[in-house]
Each structure stands twice: as C-alpha cells, then as structure tokens.
Amino acid sequence: MTLRYTALDQVHRALGATMTDFAGWDMPLRYGSEREEHNAVRTRAGLFDLSHMGEIAVTGPQAGELLDHALVGFVSALAVNKARYTMICAADGGILDDLIVYRTGGTEFLVVANASNAQLVLDELTARAEGFDAEVRDDRDAYALIAIQGPEATAILAPLTDADLPALKYYTSLPATVAGRPALLARTGYTGEDGFELFVAPGDAEPLWNALSEAGAAKGLVPCGLSCRDTLRLEAGMPLYGHELSTELTPFDAGLGRVVRFDKTTNGGAFVGREALEKAAELAATHPPRVRVGLVSPGRRVPRAGMPVVSGDGTVIGSITSGAPSPTLGKPIAMAYVDAAHAAPGTAVAVDVRSTHEPVEVVELPFYTRAR
Amino acid sequence: MSNPQHLTYSKEHEWLTAVEDGVATVGITAFAADALGDVVYVQLPEVGQTVSAGETCGELESTKSVSDLYSPATGEVVEANQAVVDDPALVNSAPFAEGWLFKIRLDGTPEGLLTADEYSAHTGA
C-alpha cells in the first residue's frame, strides 16, 4: 500500500520531523523530544496535524434518524453546533470504532472516525443508510485537521479569529474565520487539555499552520507529533481504538457504557446492536468479565501493550492495552483489562515485563486531570 | 550528528573506543539514540559480567519501545556508567560523550566492526 501524505507534509519535512506510517498515512511522530512536546501541551500549547482522521458527512432530512440507527448515541437530540463522543457497534455489540459526531446544521452532521477504521465506518454508514432519506459522503479529502491544544490555546487563537472563543464551550463547534481562512472550529481534543480542532480545506492548511505557529511562538507553542499525542491521551485515561477498544469488546466491557443510549426515542428505540448491548449492560452490572483500569509502577521498566498482568501468585489476571513512561507523573503508567476481583483501586498486582514481575498498583482513571 | 572518526562501530549501532590498557568504552550512536526517541530507562551489564560480541547485554527503553543493547566486543565489564542509569536522557543529549554505557576489558581483538565512514554508509547518513 502506498503511503498517503497530508497537506502539511512539506511543513513537517522542513521542521525535520521523524515520520511514521500510521494507518497508511505518513505522519509526524515527533519533531524533537517527544517528552518536551508532551510537557509543552500540559503547560503551554502544542500544534498537531491530525489530517489522517476520517471525516464523513451525513446530510438530509433523516440524517439524525440514520445516525441514531447506525450509532449507539442519541445523535438526533444534539443541538446544532454541539458535538458528542460516541461509537459504532456491530450487531453483536462489538465496537467497530469510536467517533466524534458534530452537528453542523439542522440536517447536517460531521462524523470523525479513526484513520484505521475510516473506510469501514464509511461502508457501514452507507449500508445502514438504506431506507433513510439521508446521504453519506466521504469527506476525507475535503479536510485537513489541525489541533491546537494546551492552556495557552485560547490566548494564541483569539487574535486570529472572529469567533467568540469564551462562548465556544467544550464539545461545541462553530463555522469561523481563522487567519482569514474558513474553518469549522471545534473545542475538542484528545490530550486532556483545553484546546481546539480546526477542520479546514487542505489548501488552507499550510497558511493556517504557519499563522498559528507565528502567533504561538511567544507563548511557547511547539509542533507536536503522534508520539506525545499517545502519552497525553493515556495520561487522560482516554481509550485508543486497537488498544482499549476492539470488535471483541462492547462499550460496557470497556467501561464506556454511558455512550450507549437505550433511551433514544427515534426509530422506535431500535438501533444496530441494541439487543446484544442490553445483555452486555446487564452482564457488566452483575458480573463483569474484566474491567479497564489504570496501573502505576513505582519502578522504571514500562508495561507495554500485550504484556500479561499477574496476581501475587503469578496467575495471569489481565493484559496491558497501553503503557508508557508518563512525563507528567514521572513514572510508568498503563491501562489494562483485569479480572474484576483485582480491579479495585489500591490493589497490588504485577506486570510480566519480559519474564520479570514488576509490581504495579491499580489506580482510578484518569491519571491526570487538568486544573479548571 | 556525524559519527566521530576515532571510534569503531557495530551494525547494531554501538560504538567502541580504541583500546587503552586493554579497556575500551561502549555506547550507542547518535543515529540509534535518535531512532529510539527519549530514553527513559537503561539496564546495563554488571561489573564483572562477561559479554560477547553481537549478544544482548542490557536494554534501552524509550517512550515508544524497548530495545536490546548488544555488546560490540567480547570481554569482561569493568565499569558501568551510573550517571546514565540515573539520567537516561544523557543517551540522547550526549550519545558519544557523557552518555557512554559501559567499559570492557577486551578478550582478543574486536572483529567485524565498521569505520566511521562505513557506519555512516550503513545507516544511509
């Protein structure tokens, strides 16, 4: 498969980025030190190219009803300009992808899928649209996506836009002009910090990136790669598809049952996966199989995805899904699925790190919450 | 960063100094350190341990991954760099200097190592 390049590819190369193949896209992994990039987002601001994300437009008189049928959320209940974190599940309840849906108009929605699942989500939405008066459109090539994240994001963005940023609440979006270019400006992100995501025409991406870089330079804004995005979302306890989420798990298995809206009233309450998810909800409430937890290590060796979690007597009781040295906490952290009997915060377990058992403690997620 | 001419190099990206009183110093190259990203944990061979050329003798852990450390030569470890254990970032900031890893008393003459120019060609630099 040939790699795809974002509209900002030449910018990344000029900045000397280390590039990586991510879901078929050649993406910046880091520009310099990923820890410094991470710390910049926590304390100042970081600029990300997220153009690999998959945008799908859903429009038409029954666009909301279609999404209520196709997704687990109550999408038609969203007010215009509101956004919601949701999921698309298979009929057996397994998670096909996690999504953010923006209501961009009365009959218009923008669904943003993970790059690795974008084609699947597009195909599923198209298939599930049968019988609805709605259109599903592949808009992946219509947008570049730039994120500015961190406590200084608002101060950096404000002079460049006509948008009323203080009025733009978390998980809302607004058509705006930024540095003279049209953008769908959304107060969303995947870092645990305040910040914005800008959906823009690919041809506008480079001038916008440059305008944000210049405006942010004095406030310590730095370009940030996918490496620090991963440690930022891990500290914030946010799941990543392919790690914490998969077709083998339902939203309830993942501890995210809140995204499943059994109370939706459209389509007579029916939606894809409903029956399976009702059973999964009951199982999770009565005797959950495994529970998603946080782990913190007092040592220096890092639990990594796939490593077994073991109890005191060496019995395998779970598996690591993501792990990294946490720049903010200064020690290794991980997310894992463990047997419910070992899931209480404070429980001492261990991780089999290349055949040595490193002691770790179960903690509440997230590892990090920003001060508000 | 260019590879210093006075060192020899393994294809596994370790460097070795010239031998002085039978002892040589080992580290990893700037190319390797850059490929790893920020190093957060270094496990070095212990003093007194015998290491063999081309075999693993420790590990280097970075934000994204863990990599085996190979010895570029055979011999007995006579010193491990405690400074780099305490501050693994030295591997990134000064891979050819303060970020050295261990010293070995060589058993024979190292074989199969590359000159700086050969190593640069090997890494495509």
# chains A, B, ... in the order shown; residues from 1 in each chain; ligands from 1

$ interface_residues --of "chain A" --to "chain B" --cutoff "8 Å" --atoms "only C-alpha atoms" --output "PyMOL selection string"
chain A and resi 33-35+227+300-302+324-325

$ residues_around --residues "Pro303 of chain A" --least-positions-apart "2" --cutoff "12 Å" --atoms "only C-alpha atoms" --output "short mmCIF file (atom, residue, chain, number, x, y, z; two decimals) with N, CA and C atoms, in the first residue's frame"
data_model
loop_
_atom_site.label_atom_id
_atom_site.label_comp_id
_atom_site.auth_asym_id
_atom_site.auth_seq_id
_atom_site.Cartn_x
_atom_site.Cartn_y
_atom_site.Cartn_z
N GLY A 294 -6.46 1.61 35.47
CA GLY A 294 -5.16 2.24 35.35
C GLY A 294 -4.16 1.52 36.24
N LEU A 295 -2.91 1.50 35.82
CA LEU A 295 -1.84 0.91 36.63
C LEU A 295 -0.70 1.93 36.70
N VAL A 296 -0.12 2.04 37.89
CA VAL A 296 1.05 2.90 38.06
C VAL A 296 2.17 2.05 38.63
N SER A 297 3.36 2.22 38.07
CA SER A 297 4.52 1.45 38.52
C SER A 297 5.46 2.32 39.34
N PRO A 298 5.94 1.81 40.47
CA PRO A 298 6.95 2.56 41.22
C PRO A 298 8.35 2.39 40.61
N GLY A 299 8.49 1.45 39.69
CA GLY A 299 9.80 1.16 39.10
C GLY A 299 10.06 1.98 37.85
N ARG A 300 10.98 1.52 37.03
CA ARG A 300 11.32 2.29 35.83
C ARG A 300 11.02 1.52 34.56
N ARG A 301 10.82 0.21 34.66
CA ARG A 301 10.53 -0.55 33.45
C ARG A 301 9.06 -0.36 33.10
N ALA A 305 1.77 -2.66 25.73
CA ALA A 305 0.59 -3.36 25.22
C ALA A 305 0.91 -4.83 24.97
N GLY A 306 0.03 -5.70 25.46
CA GLY A 306 0.18 -7.13 25.24
C GLY A 306 0.83 -7.87 26.41
N MET A 307 1.48 -7.14 27.31
CA MET A 307 2.12 -7.82 28.44
C MET A 307 1.07 -8.33 29.41
N PRO A 308 1.27 -9.54 29.98
CA PRO A 308 0.30 -10.08 30.93
C PRO A 308 0.35 -9.33 32.27
N VAL A 309 -0.82 -9.18 32.88
CA VAL A 309 -0.91 -8.70 34.27
C VAL A 309 -1.11 -9.93 35.14
N SER A 319 -4.38 -8.14 31.01
CA SER A 319 -3.48 -7.83 29.93
C SER A 319 -3.36 -6.31 29.75
N ILE A 320 -2.13 -5.85 29.50
CA ILE A 320 -1.90 -4.41 29.27
C ILE A 320 -2.41 -4.05 27.87
N THR A 321 -3.09 -2.91 27.76
CA THR A 321 -3.54 -2.44 26.45
C THR A 321 -2.73 -1.24 25.95
N SER A 322 -2.24 -0.41 26.87
CA SER A 322 -1.37 0.72 26.51
C SER A 322 -0.45 0.97 27.70
N GLY A 323 0.78 1.35 27.42
CA GLY A 323 1.67 1.70 28.52
C GLY A 323 2.76 2.63 28.04
N ALA A 324 3.22 3.49 28.92
CA ALA A 324 4.27 4.44 28.55
C ALA A 324 4.85 5.06 29.81
N PRO A 325 6.07 5.57 29.71
CA PRO A 325 6.57 6.40 30.80
C PRO A 325 5.77 7.71 30.79
N SER A 326 5.15 8.06 31.91
CA SER A 326 4.33 9.27 31.96
C SER A 326 5.20 10.48 32.24
N LYS A 331 6.60 8.54 36.13
CA LYS A 331 6.76 7.10 36.30
C LYS A 331 5.92 6.35 35.27
N PRO A 332 6.20 5.06 35.09
CA PRO A 332 5.44 4.32 34.08
C PRO A 332 3.97 4.18 34.47
N ILE A 333 3.10 4.36 33.46
CA ILE A 333 1.67 4.15 33.65
C ILE A 333 1.16 3.23 32.54
N ALA A 334 0.01 2.63 32.79
CA ALA A 334 -0.57 1.75 31.78
C ALA A 334 -2.07 1.67 31.98
N MET A 335 -2.78 1.31 30.90
CA MET A 335 -4.16 0.87 31.02
C MET A 335 -4.17 -0.63 30.74
N ALA A 336 -5.10 -1.32 31.42
CA ALA A 336 -5.16 -2.77 31.29
C ALA A 336 -6.59 -3.23 31.53
N ALA A 350 0.99 -7.25 39.43
CA ALA A 350 2.30 -7.13 38.80
C ALA A 350 2.14 -7.27 37.29
N VAL A 351 3.14 -6.78 36.58
CA VAL A 351 3.16 -6.93 35.13
C VAL A 351 4.36 -7.77 34.75
N ASP A 352 4.10 -8.74 33.88
CA ASP A 352 5.19 -9.59 33.40
C ASP A 352 5.93 -8.85 32.29
N VAL A 353 7.01 -8.17 32.70
CA VAL A 353 7.83 -7.41 31.75
C VAL A 353 9.00 -8.30 31.35
N ARG A 354 8.91 -8.90 30.21
CA ARG A 354 9.96 -9.79 29.71
C ARG A 354 10.42 -10.76 30.79
N SER A 355 9.45 -11.43 31.40
CA SER A 355 9.67 -12.53 32.34
C SER A 355 10.05 -12.11 33.76
N THR A 356 10.13 -10.83 34.05
CA THR A 356 10.24 -10.44 35.45
C THR A 356 8.95 -9.74 35.85
N HIS A 357 8.51 -10.00 37.09
CA HIS A 357 7.25 -9.45 37.55
C HIS A 357 7.48 -8.11 38.23
N GLU A 358 7.10 -7.05 37.54
CA GLU A 358 7.26 -5.70 38.08
C GLU A 358 6.00 -5.33 38.85
N PRO A 359 6.11 -5.01 40.14
CA PRO A 359 4.92 -4.66 40.90
C PRO A 359 4.29 -3.35 40.41
N VAL A 360 2.97 -3.32 40.33
CA VAL A 360 2.22 -2.12 39.97
C VAL A 360 0.99 -2.02 40.85
N GLU B 61 15.14 1.54 27.13
CA GLU B 61 13.71 1.75 26.99
C GLU B 61 13.45 3.22 26.70
N SER B 62 12.63 3.46 25.67
CA SER B 62 12.25 4.83 25.32
C SER B 62 10.75 4.98 25.47
N THR B 63 10.26 6.18 25.17
CA THR B 63 8.83 6.43 25.32
C THR B 63 8.02 5.38 24.57
N LYS B 64 8.47 5.06 23.35
CA LYS B 64 7.66 4.22 22.50
C LYS B 64 8.02 2.73 22.54
N SER B 65 9.24 2.39 22.92
CA SER B 65 9.63 0.99 22.75
C SER B 65 10.79 0.63 23.65
N VAL B 66 11.09 -0.67 23.66
CA VAL B 66 12.27 -1.15 24.36
C VAL B 66 13.16 -1.85 23.35
#

$ residues_around --residues "segment 174-191 of chain A" --least-positions-apart "6" --cutoff "6 Å" --atoms "only C-alpha atoms" --output "number ranges by chain"
A: 160-161, 163, 197-200, 232-233

$ write_last_selection --atoms "N, CA, C and O atoms" --output "compact mmCIF listing (two decimals), in the first residue's frame"
# COMPACT_ATOMS: atom_id res chain seq x y z
N LEU A 160 -6.50 35.62 16.18
CA LEU A 160 -6.54 35.22 14.77
C LEU A 160 -7.96 34.99 14.25
O LEU A 160 -8.13 34.69 13.08
N THR A 161 -8.96 35.06 15.14
CA THR A 161 -10.29 34.68 14.71
C THR A 161 -11.36 35.65 15.17
O THR A 161 -11.21 36.33 16.19
N ALA A 163 -14.23 34.43 15.95
CA ALA A 163 -15.09 33.61 16.79
C ALA A 163 -15.00 34.04 18.25
O ALA A 163 -13.95 34.47 18.72
N GLU A 197 -9.87 22.11 17.64
CA GLU A 197 -9.56 21.39 16.41
C GLU A 197 -10.16 22.18 15.26
O GLU A 197 -11.31 22.61 15.33
N LEU A 198 -9.36 22.36 14.19
CA LEU A 198 -9.77 23.18 13.07
C LEU A 198 -9.86 22.31 11.81
O LEU A 198 -8.84 21.82 11.33
N PHE A 199 -11.08 22.12 11.33
CA PHE A 199 -11.28 21.41 10.07
C PHE A 199 -11.24 22.45 8.96
O PHE A 199 -12.08 23.36 8.94
N VAL A 200 -10.26 22.30 8.07
CA VAL A 200 -10.04 23.34 7.05
C VAL A 200 -9.83 22.68 5.68
O VAL A 200 -9.52 21.49 5.59
N LEU A 232 -0.21 11.77 25.97
CA LEU A 232 -1.17 12.73 26.51
C LEU A 232 -2.54 12.07 26.72
O LEU A 232 -3.16 12.22 27.78
N ARG A 233 -3.00 11.31 25.73
CA ARG A 233 -4.32 10.69 25.86
C ARG A 233 -4.27 9.57 26.91
O ARG A 233 -5.26 9.34 27.61

$ residues_around --residues "segment 79-85 of chain A" --least-positions-apart "6" --cutoff "9 Å" --atoms "only C-alpha atoms" --output "ChimeraX atom specification"
/A:73,98-106,108,169-175,186,188,259

$ write_last_selection --atoms "C-alpha atoms" --output "PDB file, in the first residue's frame"
ATOM      1  CA  GLY A  73     -25.605   7.529  20.736  1.00  0.00           C
ATOM      2  CA  ASP A  98     -15.168   5.278  18.444  1.00  0.00           C
ATOM      3  CA  LEU A  99     -16.257   8.549  16.870  1.00  0.00           C
ATOM      4  CA  ILE A 100     -16.945  12.180  17.423  1.00  0.00           C
ATOM      5  CA  VAL A 101     -20.119  13.456  15.780  1.00  0.00           C
ATOM      6  CA  TYR A 102     -20.520  17.198  15.238  1.00  0.00           C
ATOM      7  CA  ARG A 103     -23.968  18.558  14.438  1.00  0.00           C
ATOM      8  CA  THR A 104     -23.036  21.204  11.886  1.00  0.00           C
ATOM      9  CA  GLY A 105     -26.599  22.074  10.862  1.00  0.00           C
ATOM     10  CA  GLY A 106     -30.232  21.102  11.240  1.00  0.00           C
ATOM     11  CA  GLU A 108     -26.016  18.068   8.619  1.00  0.00           C
ATOM     12  CA  LYS A 169     -17.986  25.593  25.154  1.00  0.00           C
ATOM     13  CA  TYR A 170     -16.251  22.210  25.375  1.00  0.00           C
ATOM     14  CA  TYR A 171     -17.640  19.827  22.728  1.00  0.00           C
ATOM     15  CA  THR A 172     -19.168  22.556  20.617  1.00  0.00           C
ATOM     16  CA  SER A 173     -18.170  23.757  17.150  1.00  0.00           C
ATOM     17  CA  LEU A 174     -18.735  26.822  15.039  1.00  0.00           C
ATOM     18  CA  PRO A 175     -18.052  27.879  11.439  1.00  0.00           C
ATOM     19  CA  ALA A 186     -14.346  22.860  17.419  1.00  0.00           C
ATOM     20  CA  THR A 188     -12.495  19.237  21.200  1.00  0.00           C
ATOM     21  CA  VAL A 259     -22.207   6.229  25.386  1.00  0.00           C
TER      22      VAL A 259
END

$ select_by_dssp --residues "chain B" --states "strand (DSSP E or B)" --output "count of residues only"
45

$ residues_around --residues "Gly195 of chain A" --least-positions-apart "6" --cutoff "6 Å" --atoms "only C-alpha atoms" --output "PDB file with N, CA and C atoms, in the first residue's frame"
ATOM      1  N   ILE A 148      -4.883  22.657  18.062  1.00  0.00           N
ATOM      2  CA  ILE A 148      -4.037  23.433  18.977  1.00  0.00           C
ATOM      3  C   ILE A 148      -4.553  23.142  20.378  1.00  0.00           C
ATOM      4  N   GLN A 149      -3.670  22.607  21.206  1.00  0.00           N
ATOM      5  CA  GLN A 149      -4.064  22.081  22.497  1.00  0.00           C
ATOM      6  C   GLN A 149      -3.146  22.606  23.595  1.00  0.00           C
ATOM      7  N   GLY A 150      -3.730  22.898  24.744  1.00  0.00           N
ATOM      8  CA  GLY A 150      -2.914  23.342  25.868  1.00  0.00           C
ATOM      9  C   GLY A 150      -3.499  24.582  26.509  1.00  0.00           C
ATOM     10  N   ALA A 153      -3.879  27.727  24.455  1.00  0.00           N
ATOM     11  CA  ALA A 153      -4.504  27.611  23.133  1.00  0.00           C
ATOM     12  C   ALA A 153      -5.468  28.770  22.864  1.00  0.00           C
ATOM     13  N   ARG A 187     -14.208  22.951  19.836  1.00  0.00           N
ATOM     14  CA  ARG A 187     -13.481  22.892  21.103  1.00  0.00           C
ATOM     15  C   ARG A 187     -13.458  21.429  21.559  1.00  0.00           C
TER      16      ARG A 187
END

$ atom_distance --atom1 "atom CA of Thr250 of chain A" --atom2 "atom CA of Glu282 of chain A"
12.0 Å

$ residues_around --residues "segment 9-19 of chain B" --least-positions-apart "6" --cutoff "8 Å" --atoms "only C-alpha atoms" --output "short mmCIF file (atom, residue, chain, number, x, y, z; two decimals) with N, CA and C atoms, in the first residue's frame"
data_model
loop_
_atom_site.label_atom_id
_atom_site.label_comp_id
_atom_site.auth_asym_id
_atom_site.auth_seq_id
_atom_site.Cartn_x
_atom_site.Cartn_y
_atom_site.Cartn_z
N THR B 25 35.66 1.65 25.80
CA THR B 25 34.37 2.18 26.23
C THR B 25 33.33 1.93 25.14
N VAL B 26 32.08 1.63 25.60
CA VAL B 26 30.99 1.30 24.68
C VAL B 26 29.83 2.29 24.89
N GLY B 27 29.22 2.66 23.78
CA GLY B 27 27.99 3.45 23.86
C GLY B 27 27.13 3.16 22.65
N ILE B 28 25.99 3.88 22.52
CA ILE B 28 25.21 3.75 21.29
C ILE B 28 25.33 5.03 20.49
N THR B 29 25.12 4.91 19.21
CA THR B 29 25.37 6.04 18.31
C THR B 29 24.24 7.06 18.38
N PHE B 31 22.68 8.09 15.85
CA PHE B 31 21.64 7.57 14.96
C PHE B 31 20.67 6.67 15.74
N ALA B 32 21.25 5.79 16.58
CA ALA B 32 20.41 4.88 17.36
C ALA B 32 19.60 5.64 18.41
N GLY B 54 28.12 -9.15 19.74
CA GLY B 54 26.89 -9.44 19.00
C GLY B 54 25.77 -10.01 19.85
N TYR B 70 23.33 -4.48 22.56
CA TYR B 70 24.28 -5.51 22.15
C TYR B 70 25.68 -5.06 22.50
N SER B 71 26.53 -6.02 22.83
CA SER B 71 27.93 -5.67 23.04
C SER B 71 28.65 -5.74 21.71
N PRO B 72 29.44 -4.72 21.38
CA PRO B 72 30.17 -4.76 20.12
C PRO B 72 31.45 -5.61 20.19
N GLY B 112 34.93 -7.44 12.91
CA GLY B 112 33.71 -7.12 12.16
C GLY B 112 33.16 -5.74 12.42
N LEU B 113 33.95 -4.86 13.06
CA LEU B 113 33.45 -3.51 13.32
C LEU B 113 33.71 -2.60 12.12
N LEU B 114 32.95 -1.52 12.06
CA LEU B 114 32.99 -0.62 10.92
C LEU B 114 33.74 0.66 11.28
N THR B 115 34.35 1.27 10.26
CA THR B 115 34.90 2.61 10.45
C THR B 115 33.73 3.60 10.47
N ALA B 116 34.04 4.84 10.84
CA ALA B 116 33.01 5.88 10.88
C ALA B 116 32.34 6.03 9.51
N TYR B 119 30.19 3.03 8.77
CA TYR B 119 28.96 3.05 9.56
C TYR B 119 27.98 4.09 9.00
N HIS B 122 26.33 2.58 6.24
CA HIS B 122 25.40 1.55 6.72
C HIS B 122 24.06 2.17 7.13
#

$ residues_around --residues "segment 104-110 of chain B" --least-positions-apart "2" --cutoff "7 Å" --atoms "only C-alpha atoms" --output "list of chain:residue names"
B:Gly22, B:Val23, B:Ala24, B:Thr25, B:Ala73, B:Thr74, B:Gly75, B:Glu76, B:Val77, B:Val78, B:Phe102, B:Gly112

$ atom_distance --atom1 "atom CA of Pro151 of chain A" --atom2 "atom CA of Gly255 of chain A"
28.3 Å

$ atom_distance --atom1 "atom CA of Cys224 of chain A" --atom2 "atom CA of Ala97 of chain B"
28.2 Å
